[in-house]
>>> print(open('work_18.txt').read())   # compact mmCIF, N, CA and C atoms and all ligand atoms
# COMPACT_ATOMS: atom_id res chain seq x y z
N MET C 1 79.16 168.64 56.74
CA MET C 1 79.89 169.64 55.94
C MET C 1 78.88 170.59 55.27
N ALA C 2 79.19 171.87 55.26
CA ALA C 2 78.29 172.86 54.65
C ALA C 2 78.14 172.57 53.17
N ASP C 3 76.97 172.81 52.65
CA ASP C 3 76.68 172.64 51.23
C ASP C 3 76.72 171.20 50.74
N CYS C 4 76.64 170.25 51.65
CA CYS C 4 76.53 168.85 51.23
C CYS C 4 75.09 168.42 51.45
N ILE C 5 74.42 168.01 50.36
CA ILE C 5 72.99 167.65 50.50
C ILE C 5 72.80 166.47 51.45
N PHE C 6 73.71 165.50 51.40
CA PHE C 6 73.50 164.32 52.24
C PHE C 6 73.78 164.64 53.71
N CYS C 7 74.73 165.53 53.99
CA CYS C 7 74.91 165.98 55.38
C CYS C 7 73.64 166.69 55.85
N LYS C 8 73.01 167.44 54.96
CA LYS C 8 71.78 168.15 55.33
C LYS C 8 70.65 167.15 55.61
N ILE C 9 70.63 166.05 54.87
CA ILE C 9 69.64 165.00 55.14
C ILE C 9 69.92 164.37 56.51
N VAL C 10 71.20 164.12 56.81
CA VAL C 10 71.57 163.57 58.12
C VAL C 10 71.12 164.51 59.23
N GLU C 11 71.33 165.80 59.03
CA GLU C 11 70.96 166.81 60.05
C GLU C 11 69.45 167.04 60.14
N GLY C 12 68.70 166.56 59.13
CA GLY C 12 67.26 166.78 59.11
C GLY C 12 66.88 168.11 58.46
N ASP C 13 67.84 168.78 57.84
CA ASP C 13 67.56 170.08 57.20
C ASP C 13 66.90 169.90 55.83
N ILE C 14 67.12 168.75 55.21
CA ILE C 14 66.43 168.41 53.96
C ILE C 14 65.67 167.12 54.25
N PRO C 15 64.37 167.08 53.89
CA PRO C 15 63.59 165.87 54.19
C PRO C 15 64.00 164.69 53.31
N ALA C 16 63.86 163.49 53.85
CA ALA C 16 64.13 162.28 53.09
C ALA C 16 63.28 161.17 53.68
N GLN C 17 62.98 160.18 52.85
CA GLN C 17 62.22 159.02 53.32
C GLN C 17 63.23 158.03 53.91
N LYS C 18 63.37 158.07 55.23
CA LYS C 18 64.38 157.23 55.89
C LYS C 18 63.87 155.80 56.01
N VAL C 19 64.74 154.84 55.73
CA VAL C 19 64.33 153.44 55.88
C VAL C 19 65.14 152.71 56.95
N TYR C 20 66.26 153.28 57.36
CA TYR C 20 67.08 152.67 58.43
C TYR C 20 67.99 153.76 58.98
N GLU C 21 68.21 153.69 60.29
CA GLU C 21 69.13 154.65 60.90
C GLU C 21 69.74 154.03 62.14
N ASP C 22 71.04 154.21 62.31
CA ASP C 22 71.67 153.92 63.59
C ASP C 22 72.67 155.03 63.88
N HIS C 23 73.52 154.85 64.88
CA HIS C 23 74.40 155.96 65.26
C HIS C 23 75.40 156.33 64.16
N GLU C 24 75.67 155.38 63.28
CA GLU C 24 76.75 155.59 62.29
C GLU C 24 76.27 155.73 60.85
N PHE C 25 75.10 155.13 60.54
CA PHE C 25 74.65 155.08 59.15
C PHE C 25 73.21 155.55 59.02
N LEU C 26 72.90 155.99 57.78
CA LEU C 26 71.53 156.35 57.44
C LEU C 26 71.23 155.76 56.07
N VAL C 27 70.03 155.23 55.92
CA VAL C 27 69.58 154.71 54.63
C VAL C 27 68.27 155.41 54.29
N PHE C 28 68.19 155.95 53.08
CA PHE C 28 66.98 156.67 52.67
C PHE C 28 66.71 156.41 51.20
N ALA C 29 65.45 156.63 50.82
CA ALA C 29 65.03 156.37 49.44
C ALA C 29 65.64 157.40 48.50
N ASP C 30 66.14 156.92 47.36
CA ASP C 30 66.65 157.84 46.32
C ASP C 30 65.47 158.64 45.76
N VAL C 31 65.70 159.95 45.56
CA VAL C 31 64.64 160.84 45.11
C VAL C 31 64.24 160.52 43.66
N LYS C 32 65.13 159.85 42.91
CA LYS C 32 64.84 159.51 41.50
C LYS C 32 65.10 158.01 41.32
N PRO C 33 64.17 157.19 41.83
CA PRO C 33 64.44 155.75 41.88
C PRO C 33 64.59 155.11 40.50
N GLN C 34 65.57 154.23 40.39
CA GLN C 34 65.84 153.51 39.14
C GLN C 34 65.36 152.06 39.22
N ALA C 35 64.72 151.70 40.29
CA ALA C 35 64.22 150.33 40.49
C ALA C 35 63.13 150.41 41.56
N PRO C 36 62.29 149.37 41.67
CA PRO C 36 61.24 149.41 42.71
C PRO C 36 61.80 149.67 44.11
N VAL C 37 62.96 149.10 44.40
CA VAL C 37 63.67 149.45 45.64
C VAL C 37 64.95 150.18 45.21
N HIS C 38 65.11 151.41 45.64
CA HIS C 38 66.35 152.16 45.35
C HIS C 38 66.64 153.05 46.55
N HIS C 39 67.56 152.55 47.39
CA HIS C 39 67.93 153.29 48.58
C HIS C 39 69.40 153.69 48.53
N LEU C 40 69.72 154.72 49.28
CA LEU C 40 71.10 155.18 49.39
C LEU C 40 71.58 154.92 50.81
N VAL C 41 72.71 154.24 50.92
CA VAL C 41 73.28 153.87 52.22
C VAL C 41 74.49 154.77 52.44
N ILE C 42 74.45 155.56 53.52
CA ILE C 42 75.55 156.51 53.75
C ILE C 42 76.04 156.44 55.20
N PRO C 43 77.35 156.70 55.38
CA PRO C 43 77.80 156.96 56.75
C PRO C 43 77.36 158.38 57.10
N LYS C 44 77.02 158.62 58.37
CA LYS C 44 76.62 159.97 58.77
C LYS C 44 77.80 160.95 58.68
N GLU C 45 78.98 160.43 58.92
CA GLU C 45 80.18 161.26 58.81
C GLU C 45 80.40 161.64 57.35
N HIS C 46 80.81 162.89 57.11
CA HIS C 46 81.07 163.29 55.73
C HIS C 46 82.39 162.71 55.26
N ILE C 47 82.31 161.79 54.31
CA ILE C 47 83.49 161.23 53.62
C ILE C 47 83.16 161.40 52.14
N SER C 48 84.09 161.96 51.37
CA SER C 48 83.75 162.31 49.99
C SER C 48 83.52 161.10 49.10
N ASN C 49 84.43 160.14 49.18
CA ASN C 49 84.31 158.96 48.31
C ASN C 49 85.21 157.84 48.84
N ILE C 50 85.24 156.73 48.14
CA ILE C 50 85.99 155.55 48.60
C ILE C 50 87.44 155.88 48.91
N MET C 51 88.05 156.75 48.10
CA MET C 51 89.47 157.05 48.28
C MET C 51 89.75 157.79 49.58
N GLU C 52 88.72 158.36 50.19
CA GLU C 52 88.90 159.13 51.44
C GLU C 52 88.62 158.30 52.69
N ILE C 53 88.28 157.01 52.53
CA ILE C 53 88.00 156.19 53.71
C ILE C 53 89.31 155.89 54.43
N LYS C 54 89.33 156.17 55.74
CA LYS C 54 90.52 155.89 56.55
C LYS C 54 90.32 154.60 57.35
N ASP C 55 89.09 154.41 57.82
CA ASP C 55 88.75 153.24 58.64
C ASP C 55 88.13 152.18 57.73
N GLN C 56 88.95 151.21 57.33
CA GLN C 56 88.46 150.20 56.37
C GLN C 56 87.32 149.37 56.97
N ASP C 57 87.28 149.26 58.29
CA ASP C 57 86.22 148.47 58.93
C ASP C 57 84.84 149.09 58.72
N LEU C 58 84.84 150.38 58.43
CA LEU C 58 83.56 151.06 58.17
C LEU C 58 82.80 150.36 57.04
N LEU C 59 83.56 149.90 56.04
CA LEU C 59 82.89 149.24 54.91
C LEU C 59 82.24 147.93 55.32
N GLY C 60 82.89 147.20 56.24
CA GLY C 60 82.30 145.96 56.73
C GLY C 60 81.00 146.25 57.47
N ARG C 61 81.01 147.28 58.30
CA ARG C 61 79.80 147.64 59.05
C ARG C 61 78.71 148.12 58.09
N LEU C 62 79.13 148.87 57.07
CA LEU C 62 78.16 149.38 56.09
C LEU C 62 77.49 148.21 55.35
N PHE C 63 78.28 147.20 55.02
CA PHE C 63 77.67 146.04 54.33
C PHE C 63 76.77 145.25 55.28
N GLY C 64 77.04 145.32 56.57
CA GLY C 64 76.11 144.73 57.54
C GLY C 64 74.76 145.44 57.49
N VAL C 65 74.79 146.76 57.33
CA VAL C 65 73.56 147.54 57.21
C VAL C 65 72.84 147.15 55.91
N ILE C 66 73.60 146.97 54.84
CA ILE C 66 72.99 146.56 53.56
C ILE C 66 72.27 145.22 53.74
N GLN C 67 72.89 144.29 54.45
CA GLN C 67 72.23 142.99 54.70
C GLN C 67 70.90 143.19 55.42
N LYS C 68 70.92 144.02 56.46
CA LYS C 68 69.70 144.26 57.24
C LYS C 68 68.61 144.88 56.38
N VAL C 69 68.97 145.91 55.61
CA VAL C 69 67.97 146.62 54.82
C VAL C 69 67.45 145.73 53.69
N ALA C 70 68.32 144.93 53.09
CA ALA C 70 67.87 144.02 52.02
C ALA C 70 66.82 143.06 52.59
N GLN C 71 67.04 142.61 53.81
CA GLN C 71 66.05 141.72 54.43
C GLN C 71 64.76 142.47 54.73
N GLN C 72 64.93 143.63 55.32
CA GLN C 72 63.79 144.49 55.67
C GLN C 72 62.93 144.81 54.45
N GLU C 73 63.57 145.01 53.31
CA GLU C 73 62.85 145.41 52.10
C GLU C 73 62.38 144.22 51.27
N GLY C 74 62.70 143.00 51.72
CA GLY C 74 62.21 141.80 51.03
C GLY C 74 62.91 141.48 49.73
N ILE C 75 64.16 141.92 49.58
CA ILE C 75 64.87 141.65 48.33
C ILE C 75 66.07 140.72 48.54
N SER C 76 66.23 140.22 49.76
CA SER C 76 67.45 139.44 50.06
C SER C 76 67.47 138.10 49.33
N GLU C 77 66.31 137.51 49.09
CA GLU C 77 66.30 136.18 48.48
C GLU C 77 66.40 136.25 46.96
N LYS C 78 65.66 137.14 46.34
CA LYS C 78 65.71 137.23 44.87
C LYS C 78 66.98 137.92 44.39
N GLY C 79 67.57 138.73 45.23
CA GLY C 79 68.82 139.38 44.87
C GLY C 79 68.67 140.87 44.67
N PHE C 80 69.79 141.51 44.56
CA PHE C 80 69.81 142.98 44.46
C PHE C 80 71.17 143.40 43.94
N ARG C 81 71.32 144.69 43.70
CA ARG C 81 72.61 145.21 43.25
C ARG C 81 73.04 146.34 44.17
N VAL C 82 74.35 146.37 44.48
CA VAL C 82 74.95 147.47 45.26
C VAL C 82 75.91 148.19 44.33
N VAL C 83 75.75 149.52 44.23
CA VAL C 83 76.57 150.31 43.32
C VAL C 83 77.20 151.47 44.07
N ASN C 84 78.50 151.65 43.84
CA ASN C 84 79.15 152.86 44.32
C ASN C 84 79.79 153.57 43.14
N ASN C 85 79.39 154.80 42.90
CA ASN C 85 80.00 155.61 41.86
C ASN C 85 81.06 156.48 42.53
N CYS C 86 82.31 156.37 42.07
CA CYS C 86 83.42 157.09 42.71
C CYS C 86 84.05 158.06 41.72
N GLY C 87 83.94 159.35 42.05
CA GLY C 87 84.60 160.37 41.23
C GLY C 87 83.88 160.64 39.92
N ASP C 88 84.46 161.55 39.15
CA ASP C 88 83.80 162.02 37.92
C ASP C 88 83.58 160.90 36.91
N ASP C 89 84.64 160.14 36.62
CA ASP C 89 84.49 159.07 35.63
C ASP C 89 83.57 157.97 36.14
N GLY C 90 83.49 157.82 37.45
CA GLY C 90 82.59 156.83 38.03
C GLY C 90 81.13 157.27 38.01
N GLY C 91 80.91 158.54 37.66
CA GLY C 91 79.53 159.04 37.59
C GLY C 91 79.00 159.55 38.91
N GLN C 92 79.91 159.86 39.86
CA GLN C 92 79.46 160.37 41.17
C GLN C 92 78.99 161.81 41.04
N THR C 93 77.75 162.07 41.48
CA THR C 93 77.21 163.43 41.37
C THR C 93 77.03 164.10 42.73
N VAL C 94 77.02 163.31 43.80
CA VAL C 94 76.93 163.88 45.16
C VAL C 94 78.21 163.50 45.90
N GLY C 95 78.92 164.50 46.42
CA GLY C 95 80.24 164.28 47.01
C GLY C 95 80.23 163.86 48.46
N HIS C 96 79.30 162.99 48.81
CA HIS C 96 79.25 162.35 50.14
C HIS C 96 79.06 160.87 49.83
N ILE C 97 80.01 160.06 50.24
CA ILE C 97 80.02 158.65 49.82
C ILE C 97 78.65 158.00 50.06
N HIS C 98 78.22 157.24 49.07
CA HIS C 98 76.92 156.55 49.18
C HIS C 98 76.95 155.30 48.34
N PHE C 99 76.22 154.31 48.80
CA PHE C 99 76.08 153.05 48.08
C PHE C 99 74.61 152.92 47.70
N HIS C 100 74.37 152.73 46.40
CA HIS C 100 73.01 152.52 45.92
C HIS C 100 72.64 151.06 46.19
N LEU C 101 71.48 150.84 46.77
CA LEU C 101 70.94 149.49 46.95
C LEU C 101 69.70 149.40 46.06
N LEU C 102 69.84 148.58 45.01
CA LEU C 102 68.79 148.50 43.98
C LEU C 102 68.22 147.10 43.94
N GLY C 103 66.88 146.99 43.90
CA GLY C 103 66.28 145.67 43.83
C GLY C 103 64.83 145.75 43.43
N GLY C 104 64.20 144.58 43.36
CA GLY C 104 62.79 144.52 43.00
C GLY C 104 62.56 144.31 41.51
N ARG C 105 63.64 144.22 40.75
CA ARG C 105 63.55 143.87 39.33
C ARG C 105 64.88 143.26 38.91
N PHE C 106 64.90 142.61 37.74
CA PHE C 106 66.15 142.05 37.23
C PHE C 106 67.07 143.18 36.77
N MET C 107 68.34 143.09 37.13
CA MET C 107 69.32 144.10 36.77
C MET C 107 70.13 143.64 35.56
N GLU C 108 70.11 144.42 34.51
CA GLU C 108 70.91 144.08 33.33
C GLU C 108 72.40 144.26 33.63
N TRP C 109 73.23 143.57 32.86
CA TRP C 109 74.67 143.74 32.93
C TRP C 109 75.23 143.60 31.53
N PRO C 110 76.18 144.40 31.06
CA PRO C 110 76.85 145.45 31.81
C PRO C 110 76.03 146.74 31.88
N PRO C 111 76.37 147.60 32.87
CA PRO C 111 75.69 148.90 32.96
C PRO C 111 76.15 149.80 31.81
N GLY C 112 75.41 150.84 31.52
CA GLY C 112 75.76 151.75 30.42
C GLY C 112 76.94 152.64 30.76
P1 LIG C 201 75.52 159.37 42.30
O1 LIG C 201 75.25 159.73 40.88
O2 LIG C 201 76.35 160.42 43.01
O3 LIG C 201 76.08 157.99 42.48
O4 LIG C 201 74.11 159.29 42.99
C1 LIG C 201 73.50 160.36 43.62
C2 LIG C 201 72.07 159.94 43.86
O5 LIG C 201 71.51 160.83 44.79
C3 LIG C 201 71.19 159.98 42.61
O6 LIG C 201 70.63 158.69 42.38
C4 LIG C 201 70.12 161.03 42.95
O7 LIG C 201 68.85 160.69 42.46
C5 LIG C 201 70.17 161.05 44.47
N1 LIG C 201 69.83 162.34 45.06
C6 LIG C 201 70.32 163.55 44.69
N2 LIG C 201 69.81 164.52 45.48
C7 LIG C 201 68.97 163.90 46.36
C8 LIG C 201 68.14 164.38 47.42
O8 LIG C 201 68.06 165.57 47.73
N3 LIG C 201 67.42 163.45 48.10
C9 LIG C 201 67.48 162.11 47.79
N4 LIG C 201 66.72 161.28 48.51
N5 LIG C 201 68.25 161.64 46.80
C10 LIG C 201 68.99 162.51 46.09
ZN ZN C 202 78.24 165.24 53.48
>>> encode(input="work_18.txt", output="structure tokens")
Amino acid sequence: MADCIFCKIVEGDIPAQKVYEDHEFLVFADVKPQAPVHHLVIPKEHISNIMEIKDQDLLGRLFGVIQKVAQQEGISEKGFRVVNNCGDDGGQTVGHIHFHLLGGRFMEWPPG
């Protein structure tokens, strides 16, 4: 979609540090990391947020990617956090669905 930063990253028009890619998903490092490991997991298809998902199985496949990347990044045993911010009140700032994968340090709860 035009004017979507994450679509531009998928297209290669904006550079990103890619950590995983397949035909359906891309995982890249967050430009402003909040933890030693902070990656964004996105479907390549432009979907705005959780409410716009039509194929529920996509989420199962996406979590399969999260499992792979957590192993690849060495955070699968100590643990990690997966965050999705949906809409304005959820704190979503980029309108292309993404799941934050955060690890490498202890995560406080509750979030602010
Ligand atoms: P949100 O607040 O929408 O859940 O998260 C958006 C995330 O995207 C933020 O953590 C922000 O740092 C990250 N981000 C925004 N623009 C870019 C960019 O151009 N490249 C990368 N790698 N991350 C970005
Ligand atoms: Zn997009």
>>> residues_around(input="work_18.txt", residues="Asp22 (chain C)", least_positions_apart="2", cutoff="10 Å", atoms="only C-alpha atoms", output="list of chain:residue names")
C:Tyr20, C:Glu24, C:Phe25, C:Leu26, C:Val27, C:Pro43, C:Lys44, C:Val65
>>> select_by_dssp(input="work_18.txt", residues="chain C", states="strand (DSSP E)", output="PDB file with N, CA and C atoms, in the coordinates of the input")
ATOM      1  N   LYS C  18      63.370 158.070  55.230  1.00  0.00           N
ATOM      2  CA  LYS C  18      64.380 157.230  55.890  1.00  0.00           C
ATOM      3  C   LYS C  18      63.870 155.800  56.010  1.00  0.00           C
ATOM      4  N   VAL C  19      64.740 154.840  55.730  1.00  0.00           N
ATOM      5  CA  VAL C  19      64.330 153.440  55.880  1.00  0.00           C
ATOM      6  C   VAL C  19      65.140 152.710  56.950  1.00  0.00           C
ATOM      7  N   TYR C  20      66.260 153.280  57.360  1.00  0.00           N
ATOM      8  CA  TYR C  20      67.080 152.670  58.430  1.00  0.00           C
ATOM      9  C   TYR C  20      67.990 153.760  58.980  1.00  0.00           C
ATOM     10  N   GLU C  21      68.210 153.690  60.290  1.00  0.00           N
ATOM     11  CA  GLU C  21      69.130 154.650  60.900  1.00  0.00           C
ATOM     12  C   GLU C  21      69.740 154.030  62.140  1.00  0.00           C
ATOM     13  N   PHE C  25      75.100 155.130  60.540  1.00  0.00           N
ATOM     14  CA  PHE C  25      74.650 155.080  59.150  1.00  0.00           C
ATOM     15  C   PHE C  25      73.210 155.550  59.020  1.00  0.00           C
ATOM     16  N   LEU C  26      72.900 155.990  57.780  1.00  0.00           N
ATOM     17  CA  LEU C  26      71.530 156.350  57.440  1.00  0.00           C
ATOM     18  C   LEU C  26      71.230 155.760  56.070  1.00  0.00           C
ATOM     19  N   VAL C  27      70.030 155.230  55.920  1.00  0.00           N
ATOM     20  CA  VAL C  27      69.580 154.710  54.630  1.00  0.00           C
ATOM     21  C   VAL C  27      68.270 155.410  54.290  1.00  0.00           C
ATOM     22  N   PHE C  28      68.190 155.950  53.080  1.00  0.00           N
ATOM     23  CA  PHE C  28      66.980 156.670  52.670  1.00  0.00           C
ATOM     24  C   PHE C  28      66.710 156.410  51.200  1.00  0.00           C
ATOM     25  N   ALA C  29      65.450 156.630  50.820  1.00  0.00           N
ATOM     26  CA  ALA C  29      65.030 156.370  49.440  1.00  0.00           C
ATOM     27  C   ALA C  29      65.640 157.400  48.500  1.00  0.00           C
ATOM     28  N   VAL C  37      62.960 149.100  44.400  1.00  0.00           N
ATOM     29  CA  VAL C  37      63.670 149.450  45.640  1.00  0.00           C
ATOM     30  C   VAL C  37      64.950 150.180  45.210  1.00  0.00           C
ATOM     31  N   HIS C  38      65.110 151.410  45.640  1.00  0.00           N
ATOM     32  CA  HIS C  38      66.350 152.160  45.350  1.00  0.00           C
ATOM     33  C   HIS C  38      66.640 153.050  46.550  1.00  0.00           C
ATOM     34  N   HIS C  39      67.560 152.550  47.390  1.00  0.00           N
ATOM     35  CA  HIS C  39      67.930 153.290  48.580  1.00  0.00           C
ATOM     36  C   HIS C  39      69.400 153.690  48.530  1.00  0.00           C
ATOM     37  N   LEU C  40      69.720 154.720  49.280  1.00  0.00           N
ATOM     38  CA  LEU C  40      71.100 155.180  49.390  1.00  0.00           C
ATOM     39  C   LEU C  40      71.580 154.920  50.810  1.00  0.00           C
ATOM     40  N   VAL C  41      72.710 154.240  50.920  1.00  0.00           N
ATOM     41  CA  VAL C  41      73.280 153.870  52.220  1.00  0.00           C
ATOM     42  C   VAL C  41      74.490 154.770  52.440  1.00  0.00           C
ATOM     43  N   ILE C  42      74.450 155.560  53.520  1.00  0.00           N
ATOM     44  CA  ILE C  42      75.550 156.510  53.750  1.00  0.00           C
ATOM     45  C   ILE C  42      76.040 156.440  55.200  1.00  0.00           C
ATOM     46  N   PRO C  43      77.350 156.700  55.380  1.00  0.00           N
ATOM     47  CA  PRO C  43      77.800 156.960  56.750  1.00  0.00           C
ATOM     48  C   PRO C  43      77.360 158.380  57.100  1.00  0.00           C
ATOM     49  N   PHE C  80      69.790 141.510  44.560  1.00  0.00           N
ATOM     50  CA  PHE C  80      69.810 142.980  44.460  1.00  0.00           C
ATOM     51  C   PHE C  80      71.170 143.400  43.940  1.00  0.00           C
ATOM     52  N   ARG C  81      71.320 144.690  43.700  1.00  0.00           N
ATOM     53  CA  ARG C  81      72.610 145.210  43.250  1.00  0.00           C
ATOM     54  C   ARG C  81      73.040 146.340  44.170  1.00  0.00           C
ATOM     55  N   VAL C  82      74.350 146.370  44.480  1.00  0.00           N
ATOM     56  CA  VAL C  82      74.950 147.470  45.260  1.00  0.00           C
ATOM     57  C   VAL C  82      75.910 148.190  44.330  1.00  0.00           C
ATOM     58  N   VAL C  83      75.750 149.520  44.230  1.00  0.00           N
ATOM     59  CA  VAL C  83      76.570 150.310  43.320  1.00  0.00           C
ATOM     60  C   VAL C  83      77.200 151.470  44.070  1.00  0.00           C
ATOM     61  N   PHE C  99      76.220 154.310  48.800  1.00  0.00           N
ATOM     62  CA  PHE C  99      76.080 153.050  48.080  1.00  0.00           C
ATOM     63  C   PHE C  99      74.610 152.920  47.700  1.00  0.00           C
ATOM     64  N   HIS C 100      74.370 152.730  46.400  1.00  0.00           N
ATOM     65  CA  HIS C 100      73.010 152.520  45.920  1.00  0.00           C
ATOM     66  C   HIS C 100      72.640 151.060  46.190  1.00  0.00           C
ATOM     67  N   LEU C 101      71.480 150.840  46.770  1.00  0.00           N
ATOM     68  CA  LEU C 101      70.940 149.490  46.950  1.00  0.00           C
ATOM     69  C   LEU C 101      69.700 149.400  46.060  1.00  0.00           C
ATOM     70  N   LEU C 102      69.840 148.580  45.010  1.00  0.00           N
ATOM     71  CA  LEU C 102      68.790 148.500  43.980  1.00  0.00           C
ATOM     72  C   LEU C 102      68.220 147.100  43.940  1.00  0.00           C
ATOM     73  N   GLY C 103      66.880 146.990  43.900  1.00  0.00           N
ATOM     74  CA  GLY C 103      66.280 145.670  43.830  1.00  0.00           C
ATOM     75  C   GLY C 103      64.830 145.750  43.430  1.00  0.00           C
TER      76      GLY C 103
END
>>> residues_around(input="work_18.txt", residues="Leu40 (chain C)", least_positions_apart="6", cutoff="6.5 Å", atoms="all atoms listed in the file", output="list in words")
Leu26, Val27, Phe28, Ala29, Asp30, His98, Phe99, His100 and Leu101 of chain C
>>> write_last_selection(input="work_18.txt", atoms="N, CA and C atoms", output="PDB file, keeping the file's coordinate frame")
ATOM      1  N   LEU C  26      72.900 155.990  57.780  1.00  0.00           N
ATOM      2  CA  LEU C  26      71.530 156.350  57.440  1.00  0.00           C
ATOM      3  C   LEU C  26      71.230 155.760  56.070  1.00  0.00           C
ATOM      4  N   VAL C  27      70.030 155.230  55.920  1.00  0.00           N
ATOM      5  CA  VAL C  27      69.580 154.710  54.630  1.00  0.00           C
ATOM      6  C   VAL C  27      68.270 155.410  54.290  1.00  0.00           C
ATOM      7  N   PHE C  28      68.190 155.950  53.080  1.00  0.00           N
ATOM      8  CA  PHE C  28      66.980 156.670  52.670  1.00  0.00           C
ATOM      9  C   PHE C  28      66.710 156.410  51.200  1.00  0.00           C
ATOM     10  N   ALA C  29      65.450 156.630  50.820  1.00  0.00           N
ATOM     11  CA  ALA C  29      65.030 156.370  49.440  1.00  0.00           C
ATOM     12  C   ALA C  29      65.640 157.400  48.500  1.00  0.00           C
ATOM     13  N   ASP C  30      66.140 156.920  47.360  1.00  0.00           N
ATOM     14  CA  ASP C  30      66.650 157.840  46.320  1.00  0.00           C
ATOM     15  C   ASP C  30      65.470 158.640  45.760  1.00  0.00           C
ATOM     16  N   HIS C  98      78.220 157.240  49.070  1.00  0.00           N
ATOM     17  CA  HIS C  98      76.920 156.550  49.180  1.00  0.00           C
ATOM     18  C   HIS C  98      76.950 155.300  48.340  1.00  0.00           C
ATOM     19  N   PHE C  99      76.220 154.310  48.800  1.00  0.00           N
ATOM     20  CA  PHE C  99      76.080 153.050  48.080  1.00  0.00           C
ATOM     21  C   PHE C  99      74.610 152.920  47.700  1.00  0.00           C
ATOM     22  N   HIS C 100      74.370 152.730  46.400  1.00  0.00           N
ATOM     23  CA  HIS C 100      73.010 152.520  45.920  1.00  0.00           C
ATOM     24  C   HIS C 100      72.640 151.060  46.190  1.00  0.00           C
ATOM     25  N   LEU C 101      71.480 150.840  46.770  1.00  0.00           N
ATOM     26  CA  LEU C 101      70.940 149.490  46.950  1.00  0.00           C
ATOM     27  C   LEU C 101      69.700 149.400  46.060  1.00  0.00           C
TER      28      LEU C 101
END
>>> closest_residue(input="work_18.txt", among="C:Glu77, C:Gly87, C:Ile42, C:Glu108", to="Leu58 (chain C)", atoms="only C-alpha atoms")
C:Ile42
>>> atom_distance(input="work_18.txt", atom1="CA of Leu59 (chain C)", atom2="CA of Trp109 (chain C)")
24.1 Å
>>> residues_near_ligand(input="work_18.txt", ligand="ligand ZN 202 (chain C)", cutoff="8 Å", atoms="only C-alpha atoms and all ligand atoms", output="MDAnalysis selection string")
chainID C and resid 1:8 44:48 95:97
>>> write_last_selection(input="work_18.txt", atoms="N, CA and C atoms", output="PDB file, in the frame of the given file")
ATOM      1  N   MET C   1      79.160 168.640  56.740  1.00  0.00           N
ATOM      2  CA  MET C   1      79.890 169.640  55.940  1.00  0.00           C
ATOM      3  C   MET C   1      78.880 170.590  55.270  1.00  0.00           C
ATOM      4  N   ALA C   2      79.190 171.870  55.260  1.00  0.00           N
ATOM      5  CA  ALA C   2      78.290 172.860  54.650  1.00  0.00           C
ATOM      6  C   ALA C   2      78.140 172.570  53.170  1.00  0.00           C
ATOM      7  N   ASP C   3      76.970 172.810  52.650  1.00  0.00           N
ATOM      8  CA  ASP C   3      76.680 172.640  51.230  1.00  0.00           C
ATOM      9  C   ASP C   3      76.720 171.200  50.740  1.00  0.00           C
ATOM     10  N   CYS C   4      76.640 170.250  51.650  1.00  0.00           N
ATOM     11  CA  CYS C   4      76.530 168.850  51.230  1.00  0.00           C
ATOM     12  C   CYS C   4      75.090 168.420  51.450  1.00  0.00           C
ATOM     13  N   ILE C   5      74.420 168.010  50.360  1.00  0.00           N
ATOM     14  CA  ILE C   5      72.990 167.650  50.500  1.00  0.00           C
ATOM     15  C   ILE C   5      72.800 166.470  51.450  1.00  0.00           C
ATOM     16  N   PHE C   6      73.710 165.500  51.400  1.00  0.00           N
ATOM     17  CA  PHE C   6      73.500 164.320  52.240  1.00  0.00           C
ATOM     18  C   PHE C   6      73.780 164.640  53.710  1.00  0.00           C
ATOM     19  N   CYS C   7      74.730 165.530  53.990  1.00  0.00           N
ATOM     20  CA  CYS C   7      74.910 165.980  55.380  1.00  0.00           C
ATOM     21  C   CYS C   7      73.640 166.690  55.850  1.00  0.00           C
ATOM     22  N   LYS C   8      73.010 167.440  54.960  1.00  0.00           N
ATOM     23  CA  LYS C   8      71.780 168.150  55.330  1.00  0.00           C
ATOM     24  C   LYS C   8      70.650 167.150  55.610  1.00  0.00           C
ATOM     25  N   LYS C  44      77.020 158.620  58.370  1.00  0.00           N
ATOM     26  CA  LYS C  44      76.620 159.970  58.770  1.00  0.00           C
ATOM     27  C   LYS C  44      77.800 160.950  58.680  1.00  0.00           C
ATOM     28  N   GLU C  45      78.980 160.430  58.920  1.00  0.00           N
ATOM     29  CA  GLU C  45      80.180 161.260  58.810  1.00  0.00           C
ATOM     30  C   GLU C  45      80.400 161.640  57.350  1.00  0.00           C
ATOM     31  N   HIS C  46      80.810 162.890  57.110  1.00  0.00           N
ATOM     32  CA  HIS C  46      81.070 163.290  55.730  1.00  0.00           C
ATOM     33  C   HIS C  46      82.390 162.710  55.260  1.00  0.00           C
ATOM     34  N   ILE C  47      82.310 161.790  54.310  1.00  0.00           N
ATOM     35  CA  ILE C  47      83.490 161.230  53.620  1.00  0.00           C
ATOM     36  C   ILE C  47      83.160 161.400  52.140  1.00  0.00           C
ATOM     37  N   SER C  48      84.090 161.960  51.370  1.00  0.00           N
ATOM     38  CA  SER C  48      83.750 162.310  49.990  1.00  0.00           C
ATOM     39  C   SER C  48      83.520 161.100  49.100  1.00  0.00           C
ATOM     40  N   GLY C  95      78.920 164.500  46.420  1.00  0.00           N
ATOM     41  CA  GLY C  95      80.240 164.280  47.010  1.00  0.00           C
ATOM     42  C   GLY C  95      80.230 163.860  48.460  1.00  0.00           C
ATOM     43  N   HIS C  96      79.300 162.990  48.810  1.00  0.00           N
ATOM     44  CA  HIS C  96      79.250 162.350  50.140  1.00  0.00           C
ATOM     45  C   HIS C  96      79.060 160.870  49.830  1.00  0.00           C
ATOM     46  N   ILE C  97      80.010 160.060  50.240  1.00  0.00           N
ATOM     47  CA  ILE C  97      80.020 158.650  49.820  1.00  0.00           C
ATOM     48  C   ILE C  97      78.650 158.000  50.060  1.00  0.00           C
TER      49      ILE C  97
END
>>> residues_near_ligand(input="work_18.txt", ligand="ligand LIG 201 (chain C)", cutoff="5 Å", atoms="all atoms listed in the file", output="ChimeraX atom specification")
/C:29-32,85,91-94
